[in-house]
file upload-v7.txt (compact mmCIF, C-alpha atoms)
# COMPACT_ATOMS: atom_id res chain seq x y z
CA MET A 83 0.00 0.00 0.00
CA THR A 84 1.49 3.34 -1.00
CA LYS A 85 1.32 6.52 1.01
CA GLN A 86 -0.95 9.08 -0.57
CA ASP A 87 0.63 12.24 -1.99
CA ASN A 88 -0.39 14.90 0.55
CA SER A 89 0.56 17.71 -1.84
CA LYS A 90 -2.67 16.96 -3.73
CA VAL A 91 -4.83 16.80 -0.60
CA ASP A 92 -6.67 19.83 0.77
CA GLU A 93 -4.68 21.22 3.70
CA GLY A 94 -7.50 20.63 6.20
CA LEU A 95 -7.62 16.93 5.23
CA GLN A 96 -3.86 16.31 5.49
CA GLY A 97 -3.32 13.94 8.40
CA ASN A 98 -6.77 12.35 8.22
CA GLU A 99 -5.16 9.12 7.02
CA LYS A 100 -4.28 8.66 10.72
CA ILE A 101 -8.01 8.51 11.47
CA GLU A 102 -8.54 5.99 8.66
CA GLU A 103 -5.69 3.81 9.98
CA ALA A 104 -7.08 3.95 13.54
CA ILE A 105 -10.56 2.96 12.30
CA LEU A 106 -9.06 0.08 10.32
CA GLY A 107 -7.30 -1.09 13.50
CA LEU A 108 -10.59 -0.86 15.41
CA GLN A 109 -12.35 -2.89 12.69
CA LYS A 110 -9.69 -5.61 13.00
CA GLU A 111 -9.66 -5.61 16.80
CA SER A 112 -12.89 -4.31 18.32
CA THR A 113 -11.79 -3.66 21.90
CA GLN A 114 -12.29 -0.81 24.35
CA GLU A 115 -8.56 -0.04 24.04
CA MET A 116 -8.77 0.27 20.25
CA LEU A 117 -11.89 2.42 20.56
CA ALA A 118 -10.09 4.70 23.02
CA HIS A 119 -7.11 4.89 20.65
CA THR A 120 -9.37 5.78 17.69
CA LEU A 121 -11.15 8.50 19.68
CA THR A 122 -7.76 9.88 20.73
CA VAL A 123 -6.61 10.02 17.10
CA ILE A 124 -9.81 11.87 16.13
CA ARG A 125 -9.31 14.27 19.07
CA ARG A 126 -5.72 14.97 17.97
CA ARG A 127 -6.84 15.75 14.42
CA MET A 128 -9.53 18.03 15.84
CA LYS A 129 -6.91 19.89 17.91
CA GLU A 130 -4.74 20.20 14.81
CA LYS A 131 -7.66 22.07 13.19
CA GLY A 132 -8.39 19.05 10.99
CA GLN A 133 -11.38 19.04 8.69
CA VAL A 134 -13.74 16.48 7.23
CA ILE A 135 -15.89 16.44 4.13
CA LEU A 136 -19.55 16.87 4.98
CA ALA A 137 -22.31 15.63 2.69
CA VAL A 138 -25.06 18.19 2.09
CA GLU A 139 -28.37 18.33 0.28
CA PRO A 140 -28.57 21.06 -2.35
CA PRO A 141 -31.14 23.72 -1.41
CA LYS A 142 -34.63 23.39 -2.88
CA GLY A 143 -36.14 26.73 -3.78
CA LEU A 144 -35.50 29.24 -1.01
CA GLU A 145 -34.42 26.64 1.57
CA GLN A 146 -30.98 26.69 3.12
CA ILE A 147 -28.48 23.93 2.47
CA GLN A 148 -29.26 20.92 4.69
CA ILE A 149 -26.71 18.48 6.02
CA GLN A 150 -27.38 15.10 4.44
CA ALA A 151 -28.76 12.56 6.88
CA VAL A 152 -28.94 8.80 6.44
CA GLN A 153 -31.37 6.54 8.23
CA THR A 154 -30.12 3.32 9.79
CA SER A 155 -32.22 0.15 9.88
CA ASP A 156 -33.42 1.06 13.40
CA GLY A 157 -34.94 4.29 12.04
CA GLN A 158 -32.38 6.67 13.56
CA SER A 159 -30.91 9.55 11.55
CA TRP A 160 -27.17 10.22 11.32
CA TRP A 161 -25.06 12.78 9.48
CA THR A 162 -22.28 11.44 7.25
CA ALA A 163 -18.78 12.84 6.91
CA PHE A 164 -15.62 11.66 5.17
CA THR A 165 -11.94 11.84 6.05
CA SER A 166 -10.89 12.06 2.38
CA PHE A 167 -12.27 12.44 -1.11
CA GLU A 168 -11.25 8.82 -1.75
CA GLU A 169 -13.50 7.65 1.09
CA GLU A 170 -16.38 9.76 -0.23
CA LEU A 171 -16.05 8.32 -3.74
CA LYS A 172 -16.28 4.70 -2.50
CA GLY A 173 -20.05 5.16 -2.18
CA GLY A 174 -20.60 5.67 -5.87
CA ASP A 175 -22.80 8.61 -6.72
CA SER A 176 -24.88 8.74 -3.55
CA VAL A 177 -23.17 11.93 -2.33
CA LYS A 178 -24.01 14.86 -4.59
CA SER A 179 -22.70 17.94 -2.78
CA THR A 180 -20.06 18.39 -0.11
CA PHE A 181 -18.07 21.02 1.70
CA LEU A 182 -15.18 21.02 4.15
CA THR A 183 -15.88 21.72 7.79
CA ASP A 184 -13.80 21.81 10.95
CA ILE A 185 -14.12 18.63 12.99
CA ASP A 186 -14.76 20.51 16.24
CA LYS A 187 -17.48 22.72 14.68
CA LEU A 188 -19.24 19.69 13.22
CA PHE A 189 -19.17 17.87 16.57
CA GLU A 190 -20.44 20.91 18.46
CA THR A 191 -23.25 21.39 15.91
CA VAL A 192 -24.46 17.78 15.93
CA LEU A 193 -24.83 17.88 19.72
CA GLN A 194 -27.41 20.67 19.27
CA VAL A 195 -29.59 18.81 16.74
CA GLU A 196 -32.09 16.68 18.59
CA LYS A 197 -33.26 14.43 15.73
CA ILE A 198 -29.71 13.39 14.73
CA GLN A 199 -28.04 10.53 16.67
CA GLY A 200 -24.47 11.38 15.69
CA ILE A 201 -22.04 11.19 12.79
CA ILE A 202 -21.09 8.23 10.64
CA LEU A 203 -17.52 8.79 9.54
CA ASN A 204 -16.69 7.12 6.20
CA PRO A 205 -19.95 5.16 5.82
CA TRP A 206 -18.68 3.06 2.89
CA ASN A 207 -15.39 1.63 4.12
CA ARG A 208 -13.37 2.64 7.18
CA THR A 209 -16.49 3.35 9.17
CA ILE A 210 -17.05 4.51 12.72
CA MET A 211 -20.40 5.59 14.12
CA LEU A 212 -19.84 8.41 16.58
CA ASP A 213 -22.95 8.77 18.69
CA LYS A 214 -23.37 11.88 20.83
CA ASN A 215 -21.79 10.18 23.85
CA LEU A 216 -18.60 9.41 21.91
CA ILE A 217 -18.57 12.93 20.45
CA GLN A 218 -18.84 14.37 23.95
CA VAL A 219 -15.91 12.17 25.02
CA ILE A 220 -13.83 13.57 22.13
CA LEU A 221 -14.88 17.18 22.82
CA GLY A 222 -14.54 16.79 26.60
CA ALA A 223 -10.77 16.59 26.36
CA LYS A 224 -10.63 19.55 23.97
CA ALA A 225 -9.21 22.05 26.43
call {"tool": "encode", "arguments": {"input": "upload-v7.txt", "output": "structure tokens"}}
result
Amino acid sequence: MTKQDNSKVDEGLQGNEKIEEAILGLQKESTQEMLAHTLTVIRRRMKEKGQVILAVEPPKGLEQIQIQAVQTSDGQSWWTAFTSFEEELKGGDSVKSTFLTDIDKLFETVLQVEKIQGIILNPWNRTIMLDKNLIQVILGAKA
């Protein structure tokens, strides 16, 4: 596996491969220790002013842009975000519009939206579902 050329990656996304590697490790070994490690990696990227790619719904008429939500089989709604454009593209054409957002701003926003359960990071491949409790754990050590 070759390292990706970071010179072609948006500055805010550089370093997100660490998140992808941590998620891959968690998928291989689903333990509390690996979860804690993955959350720590996400927290570090957040502190480094890291960004993610957020899927949005184009506005209809006079509406504002809406963050794209997916519904899981249990009927709960989640926002989706991606650590890289490669991760986004793995889902085919299901994501139409995106923009970059700061990880900390996204986490703080999702905590204020009652009908959303959390954020699914990289829903197609190196996936982690960050519910509001996990997001609060990540944000709690922000200071």
call {"tool": "atom_distance", "arguments": {"input": "upload-v7.txt", "atom1": "CA of Leu193 in chain A", "atom2": "CA of Ser159 in chain A"}}
result
13.2 Å
call {"tool": "closest_residue", "arguments": {"input": "upload-v7.txt", "among": "A:Pro205, A:Gly173, A:Gly132, A:Pro140", "to": "Thr154 in chain A", "atoms": "all atoms listed in the file"}}
result
A:Pro205
call {"tool": "closest_residue", "arguments": {"input": "upload-v7.txt", "among": "A:Leu121, A:Ile217, A:Ala163, A:Leu203", "to": "Thr183 in chain A", "atoms": "only C-alpha atoms"}}
result
A:Ala163
call {"tool": "atom_distance", "arguments": {"input": "upload-v7.txt", "atom1": "CA of Gly97 in chain A", "atom2": "CA of Ile185 in chain A"}}
result
12.6 Å
call {"tool": "residues_around", "arguments": {"input": "upload-v7.txt", "residues": "Leu171 in chain A", "least_positions_apart": "5", "cutoff": "12 Å", "atoms": "only C-alpha atoms", "output": "list in words"}}
result
Ile135, Ala137, Ala163, Phe164, Thr165, Ser166, Ser176, Val177, Lys178, Ser179, Thr180, Asn204, Pro205, Trp206 and Asn207 of chain A
call {"tool": "atom_distance", "arguments": {"input": "upload-v7.txt", "atom1": "CA of Ile198 in chain A", "atom2": "CA of Met128 in chain A"}}
result
20.7 Å
call {"tool": "residues_around", "arguments": {"input": "upload-v7.txt", "residues": "Asp186 in chain A", "least_positions_apart": "2", "cutoff": "9 Å", "atoms": "only C-alpha atoms", "output": "list in words"}}
result
Arg125, Met128, Lys129, Lys131, Gly132, Gln133, Thr183, Asp184, Leu188, Phe189, Glu190, Thr191, Leu221 and Lys224 of chain A
call {"tool": "residues_around", "arguments": {"input": "upload-v7.txt", "residues": "range 210-216 of chain A", "least_positions_apart": "2", "cutoff": "7 Å", "atoms": "all atoms listed in the file", "output": "ChimeraX atom specification"}}
result
/A:105,193,199-203,208,218-220
call {"tool": "axis_aligned_box", "arguments": {"input": "upload-v7.txt", "around": "range 130-144 of chain A", "padding_each_side": "4 Å", "output": "lines of an AutoDock Vina configuration file"}}
result
center_x = -20.4
center_y = 22.4
center_z = 5.5
size_x = 39.4
size_y = 21.6
size_z = 26.6
call {"tool": "closest_residue", "arguments": {"input": "upload-v7.txt", "among": "A:Pro141, A:Lys100, A:Thr162, A:Gln146", "to": "Arg126 in chain A", "atoms": "all atoms listed in the file"}}
result
A:Lys100
call {"tool": "closest_residue", "arguments": {"input": "upload-v7.txt", "among": "A:Asp156, A:Glu196, A:Glu168, A:Glu145", "to": "Glu102 in chain A", "atoms": "only C-alpha atoms"}}
result
A:Glu168
call {"tool": "closest_residue", "arguments": {"input": "upload-v7.txt", "among": "A:Lys172, A:Gly107, A:Ile149, A:Glu139", "to": "Thr120 in chain A", "atoms": "all atoms listed in the file"}}
result
A:Gly107
call {"tool": "closest_residue", "arguments": {"input": "upload-v7.txt", "among": "A:Gly222, A:Gly143, A:Thr209, A:Val134", "to": "Gln109 in chain A", "atoms": "only C-alpha atoms"}}
result
A:Thr209
